[in-house]
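**Student:** To start, I am sharing the structure in question, which I have written as structure tokens.
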Number of protein chains: 2
Amino acid sequence: METIQFNLPQNQIPQAWYNIVPDLPQPPAPPLHPVTHKPLSPEDLAPIFPMNIIEQEVSREREIEIPGEVRQIYAQWRPAPLIRARRLEKALDTPAHIYYKYEGVSPAGSHKLNSAVPQVWYNKQAGTKHLTTETGAGQWGSALAMACSFLGLDCKVYMVRVSYNQKPYRRALIEAFGATVTASPSNTTESGRAILAKEPECRGSLGMAISEAVEVAVKDPNTKYTLGSVLNHVLLHQTVIGLEAIEQMALAGDEPDVVIACAGGGSNFAGIAMPYIGRNLKGKSHARIVAVEPAACPSLTKGHFTYDFGDTGHFTPLMKMYTLGSSFLPPGIHAGGLRYHGMAPLVSHVISLGLAEATTVQQLDAFAAGIRFARAEGIIPAPESNHAVAEAIRQALEAKAEGKPRTILFGLSGHGHFDMQSYIDYQAGKLENYEYPEEEIAMALSGLPVVS
Amino acid sequence: METIQFNLPQNQIPQAWYNIVPDLPQPPAPPLHPVTHKPLSPEDLAPIFPMNIIEQEVSREREIEIPGEVRQIYAQWRPAPLIRARRLEKALDTPAHIYYKYEGVSPAGSHKLNSAVPQVWYNKQAGTKHLTTETGAGQWGSALAMACSFLGLDCKVYMVRVSYNQKPYRRALIEAFGATVTASPSNTTESGRAILAKEPECRGSLGMAISEAVEVAVKDPNTKYTLGSVLNHVLLHQTVIGLEAIEQMALAGDEPDVVIACAGGGSNFAGIAMPYIGRNLKGKSHARIVAVEPAACPSLTKGHFTYDFGDTGHFTPLMKMYTLGSSFLPPGIHAGGLRYHGMAPLVSHVISLGLAEATTVQQLDAFAAGIRFARAEGIIPAPESNHAVAEAIRQALEAKAEGKPRTILFGLSGHGHFDMQSYIDYQAGKLENYEYPEEEIAMALSGLPVVS
């Protein structure tokens with residue numbers, strides 16, 4: 001029997017998360033205060049995050065110990081499987097070896113629980129009673145609701161309206177864990193009301209939902225805000241993915257030539273990529289690192305690398321990142337988790353340093369790849385994950401055309417069980433590609449803040 | 001860190017399925033020809049099953065080797081996790097140890113793929129081109145469609161109409177694998193047309209869907225029929241669950257006092273129970289073995305143990321089993337996989353011998369247990385699995401009331417990601433309990449065939 005599972009026992013869950021910052025040739029640019037434009041102090045973040053999270057956000061330590069209780073919760077599904085896609089290789093008739101690190105075995109169905117659990121845990125330590133957050137595709141919202149249910153905190157989720165309407169079952173899942181779900185933009189916040197006053201039928205965006213969730217946290221001392229991506233501490237928590245994958249690829253006796261992951265806010269990409277970039281920097285590997293984004297929301301490939309707000313309402317600090325402008329409203333593609341105007345500053349930084357590269361995939365190609373993958377491997381990927389699948393398949397076929405071996409590792413960030421409507425629409429021919437929305441991006445970019 | 005995962009490596013996937021028949025104190029009664037009422041010969045089954053499957057159906061061998069290619073496909077998700085539900089134990093404040101064997105990690109989301117893969121494999125060996133089947137909740141249909149996609153056979157699924165309407169996403173999943181789905185009863189078969197002529201709005205049942213799928217197979221020599229439960233070979237394939245669980249409980253250093261699983265047709269129950277019953281018979285364990293059925297369809301607890309047809313149209317052999325009568329149409333509970341008038345003959349036989357017991361759970365209690373489980377463990381169980389969860393929780397609370405330890409192992413047969421509408425309805429107070437439908441059962445039982 002060919003080994004296709006390269007799994008680690010529970011006691012090999014990483015002891016520490018990996019912070020790439022001290023290993024980088026240059027440090028990332030600091031976040032700036034949204035009003036003064038001066039580098040942010042930890043205290044500036046205190047209204048929305050507890051201090052233990054803020055310490056992680058600004059840490060220069062290479063290894064940050066994972067608390068015992070967090071590892072204990074991780075133990076339900078971690079180490080997550082690394083699987084060799086032998087049937088997909090055969091279906092493609094490729095000499096490439098294709099491996100996927102599968103985060104869909106998490107009870108929340110995606111990588112998001114890796115950060116939801118520690119975020120809730122640190123908040124609980126700090127005495128937080130209520131948490132707010134935003135969710136796009138719903139992956140983060142369900143993960144946070146679940147983690148709050150595990151640890152006994154109250155949870156309020158602002159869900160991007162287009163996803164709220166497309167995904168009633170995702171909403172039901174979040175509610176099953178006892179959290180409340182509000183479609184964003186909503187009438188429950190000043191920022192939401194301001195948006196609705198201008199555009200009553202607004203379909204929402206991650207940026208708008210962030211504004212609402214942050215606003216609620218700022219106004220109540222017992223409430224803190226959590227984010228499912230973008231920030232350093234979130235990316236940090238996700239590094240368990242890559243740390244495990246490195247050990248598992250060693251079990252497989254193989255070394256990736258290329259590591260691929262989809263990138264929306266950047267947490268899934270960073271999770272698998274940062275440990276491999278660190279490994280490359282140490283000269284232990286020479287893997288190409290590829291972030292895949294949707295053609296409809298191409299922050300890395302078409303955005304500017306500059307300071308911008310993380311949200312539409314301009315509550316957040318200014319962060320140096322690849323951005324399409326905080327007023328850019330991406331088309332309503334089904335990969336809701338990739339509809340963000342910016343990219344994590346740390347991901348942006350490593351891309352700007354040439355330590356990783358970026359490419360785009362069109363919506364129809366992403367779904368075609370997902371169906372191809374499902375028919376060979378059984379798993380229906382999340383629409384977001386389909387972007388990584390598409391690039392992995394493209395590379396496997398490229399290797400075939402060249403007649404050369406290639407070892408491909410990609411992050412399969414989650415399953416698509418709550419995204420079946422998008423598959424129904426795809427199979428019915430109702431989905432479309434979106435060309436790079438040039439004029440809208442230009443207009444959004446023209447509104448970028450000027451930082452001297 | 002407490003160990004909560006008791007997982008085995010890929011090379012400990014069982015080498016052979018376990019056939020309990022040679023270990024039983026009495027052999028089960030033979031199936032009878034539906035017309036002559038004489039014991040069935042293997043040739044009688046040849047129009048609907050290939051001979052290699054029929055050989056398994058009648059085998060008296062204790063161990064039946066799992067083909068290499070089947071084990072290779074199993075290796076994507078097997079050995080399936082055994083998890084100790086520490087957070088649920090804490091939430092219940094019980095001295096009981098609660099373990100669950102989780103089959104939802106299968107790419108099909110339930111235990112059904114354990115039998116779908118070998119059934120498709122044996123059919124492929126025998127030259128079958130097309131397969132038909134029925135599906136209730138949709139778990140079996142998606143598993144068979146997936147296995148056909150893996151191995152390159154054509155697949156046609158008759159889906160009980162009530163599930164077809166309740167579960168469009170389950171249908172979409174089956175179609176994503178390239179299979180066709182028809183709502184049953186349908187106009188595509190004689191038996192379907194006969195039912196619709198009497199009752200145009202008929203919501204269907206597993207028995208009716210079986211009639212249609214069998215009819216299609218009988219009429220075409222290149223088409224064979226597959227069943228997701230009830231028959232010996234299906235139960236056999238599921239024994240990987242219990243065989244693995246025995247090894248995993250040994251890893252945990254614990255021995256179950258009780259083994260619990262939901263029972264509809266009987267395959268999930270048999271999968272975990274038969275290896276434990278065999279172990280009990282050898283004196284190696286003394287576990288209570290409990291089958292849990294819905295109060296709305298109580299074949300084991302309210303049916304007769306006698307010969308009956310497996311389907312509504314009376315195409316199938318007569319099987320000695322606990323049955324409510326083949327004309328019994330269960331209420332439209334959301335646990336579609338448990339809406340079957342009979343019970344696997346082998347399961348019925350071990351219950352009649354006192355080697356296992358049966359109990360019932362009401363629909364509202366099942367969902368309440370599922371939500372309770374989800375809030376502690378994260379996993380949203382399938383509505384079928386909720387019946388096992390409810391009994392496990394009941395037993396854990398009983399142990400608490402007694403102030404005594406108890407080791408509870410239950411089969412969590414699948415996740416409920418495609419059943420969210422039932423959770424929405426439950427949370428909205430739209431679901432109801434069904435009292436034992438006494439008059440309907442009495443009427444159905446009065447029509448049982450007379451076998452001399």
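Residue numbering restarts at 1 for every chain of the structure tokens, chains are lettered A, B, ... in their displayed order, and ligands are numbered from 1 as they appear.
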Once you count only C-alpha atoms, which residues of chain A turn out to be within 9 Å of chain B? Could you give them as a PyMOL selection string?
**Tutor:** chain A and resi 1-11+68-69+71-72+75-77+81+83-84+87+104-108+146-147+149-150+168-170+172-173+176-178+371+374-380+417-421+423-424+427
**Student:** Step one, run DSSP on the backbone; step two, keep only residues of range 78-311 of chain B assigned to strand (DSSP E); then write them as number ranges by chain.
**Tutor:** B: 82-84, 97-102, 130-135, 154-160, 180-184, 223-225, 258-262, 288-294, 304-309
**Student:** Put those residues in a file: C-alpha atoms, as a compact mmCIF listing (two decimals), in the first residue's frame.
**Tutor:**
```txt
# COMPACT_ATOMS: atom_id res chain seq x y z
CA LEU B 82 -11.40 8.06 18.25
CA ILE B 83 -11.79 11.11 20.45
CA ARG B 84 -12.44 11.46 24.14
CA HIS B 97 -15.66 8.74 30.26
CA ILE B 98 -17.21 9.51 26.90
CA TYR B 99 -15.49 8.47 23.68
CA TYR B 100 -16.74 8.89 20.14
CA LYS B 101 -15.57 7.20 16.99
CA TYR B 102 -15.95 9.90 14.36
CA HIS B 130 -23.80 1.36 -14.23
CA LEU B 131 -24.90 1.32 -10.62
CA THR B 132 -28.25 2.27 -9.14
CA THR B 133 -29.14 2.90 -5.57
CA GLU B 134 -31.55 4.60 -3.23
CA THR B 135 -30.74 7.22 -0.63
CA ASP B 154 -21.72 5.54 -13.81
CA CYS B 155 -24.15 6.18 -10.93
CA LYS B 156 -27.91 6.77 -10.68
CA VAL B 157 -29.44 7.66 -7.31
CA TYR B 158 -33.12 7.46 -6.30
CA MET B 159 -33.51 9.93 -3.46
CA VAL B 160 -36.51 9.74 -1.10
CA THR B 180 -27.76 11.67 -11.53
CA VAL B 181 -30.38 12.12 -8.83
CA THR B 182 -34.10 11.31 -9.21
CA ALA B 183 -36.74 12.07 -6.59
CA SER B 184 -38.54 8.87 -5.51
CA THR B 223 -26.60 -2.29 -14.46
CA LYS B 224 -26.35 -3.57 -10.91
CA TYR B 225 -27.92 -2.40 -7.72
CA VAL B 258 -21.46 0.44 26.84
CA VAL B 259 -21.25 0.81 23.06
CA ILE B 260 -23.95 2.99 21.48
CA ALA B 261 -24.92 3.65 17.87
CA CYS B 262 -27.96 4.82 15.98
CA ARG B 288 -23.67 -3.46 26.83
CA ILE B 289 -24.43 -2.90 23.16
CA VAL B 290 -27.23 -0.39 22.52
CA ALA B 291 -28.97 0.38 19.22
CA VAL B 292 -30.83 3.70 19.22
CA GLU B 293 -33.77 4.24 16.91
CA PRO B 294 -36.21 7.13 16.49
CA HIS B 304 -42.26 -8.03 14.80
CA PHE B 305 -39.30 -10.35 14.31
CA THR B 306 -40.49 -12.17 11.21
CA TYR B 307 -40.07 -12.55 7.48
CA ASP B 308 -40.83 -9.43 5.47
CA PHE B 309 -39.92 -7.72 2.24
```
**Student:** Kindly indicate which residue among B:Lys302, B:His33, B:His341, B:Lys167 lies nearest to Leu45 in chain B, using only C-alpha atoms for the distances.
**Tutor:**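 Going through B:Lys302, B:His33, B:His341, B:Lys167 one by one, the smallest distance to Leu45 in chain B is for B:His33.
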**Student:** Between A:Ala213, A:Val389, A:Leu206, A:Leu346, which one has atoms that come closest to Val234 in chain A, using only C-alpha atoms?
**Tutor:**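 With only C-alpha atoms as the atom set, the closest residue is A:Leu346.
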**Student:** Among the residues of range 12-216 of chain A, find those DSSP assigns to helix (DSSP H, G or I) from the backbone and print them as number ranges by chain.
**Tutor:** A: 12, 21-23, 42-45, 51-57, 68-74, 86-92, 113-125, 139-151, 161-166, 168-176, 190-198, 206-216
**Student:** Contacts of range 430-437 of chain B at 8 Å or less, counting only C-alpha atoms, minus same-chain residues fewer than 2 places along, as a list in words?
**Tutor:** Ala295, Ala296, Cys297, Pro298, Pro331, Gln362, Gln363, Leu364, Asp425, Tyr426, Gln427, Ala428, Glu439, Glu440 and Ile441 of chain B
**Student:** Considering only C-alpha atoms, can you say which of B:Ala46, B:Leu397, B:Val162, B:Ala179 comes closest to Leu329 in chain B?
**Tutor:**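 Comparing B:Ala46, B:Leu397, B:Val162, B:Ala179 against Leu329 in chain B, the winner is B:Val162.
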**Student:** What lies within 10 Å of Ile54 in chain A using only C-alpha atoms, ignoring chain neighbours under 3 positions off, as a PyMOL selection string?
**Tutor:** chain A and resi 41-46+48-51+57-59+232-233
**Student:** Take CA of Gly411 in chain B and CA of Ala399 in chain B and report the distance between them in Å, one decimal.
**Tutor:** 19.1 Å
**Student:** Please list as a CSV table (one decimal) with C-alpha atoms, in the first residue's frame every residue within 12 Å of Leu318 in chain A, counting only C-alpha atoms and excluding residues in the same chain fewer than 5 positions away.
**Tutor:**
```
chain,number,residue,atom,x,y,z
A,29,ALA,CA,7.0,49.1,8.6
A,30,PRO,CA,5.1,50.0,11.8
A,31,PRO,CA,1.4,50.6,11.9
A,32,LEU,CA,0.5,54.3,12.3
A,33,HIS,CA,-2.1,56.0,14.3
A,34,PRO,CA,-5.1,56.8,12.1
A,35,VAL,CA,-5.2,60.5,13.1
A,36,THR,CA,-1.6,61.5,14.1
A,37,HIS,CA,0.1,59.3,11.6
A,38,LYS,CA,2.7,58.5,14.2
A,39,PRO,CA,3.8,54.9,14.9
A,40,LEU,CA,1.2,53.2,17.0
A,231,LEU,CA,-2.9,41.2,11.9
A,306,THR,CA,1.5,51.8,0.8
A,307,TYR,CA,-0.2,52.9,4.1
A,308,ASP,CA,-4.0,52.4,4.1
A,309,PHE,CA,-6.8,51.8,6.5
A,310,GLY,CA,-7.9,48.3,7.3
A,311,ASP,CA,-11.6,49.2,7.2
A,312,THR,CA,-14.0,51.3,5.3
A,323,THR,CA,-4.1,47.6,-1.1
A,325,GLY,CA,-7.9,51.4,-1.5
A,326,SER,CA,-10.2,51.0,1.5
A,342,GLY,CA,-5.9,44.9,1.4
A,344,ALA,CA,-1.9,41.5,5.8
A,345,PRO,CA,1.1,43.9,6.3
A,448,LEU,CA,-5.5,56.5,-0.5
A,449,PRO,CA,-4.5,58.4,2.6
A,450,VAL,CA,-1.4,60.6,2.2
A,451,VAL,CA,1.2,59.6,4.8
```
**Student:** What gap, in Å, lies between CA of Lys400 in chain A and CA of Leu92 in chain A?
**Tutor:**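 Interatomic distance, CA of Lys400 in chain A to CA of Leu92 in chain A: 8.5 Å.
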**Student:** For a quick check of understanding, using only C-alpha atoms, which of A:Thr316, A:Ser267, A:Thr359, A:Asn187 has the smallest distance to Val240 in chain A?
**Tutor:**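 The shortest atom-to-atom distance to Val240 in chain A comes from A:Ser267.
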**Student:** With distances taken over only C-alpha atoms, which residue among A:Val214, A:Leu251, A:Ala401, A:Ala382 lies nearest Gly414 in chain A?
**Tutor:**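 Closest residue, counting only C-alpha atoms: A:Ala382.
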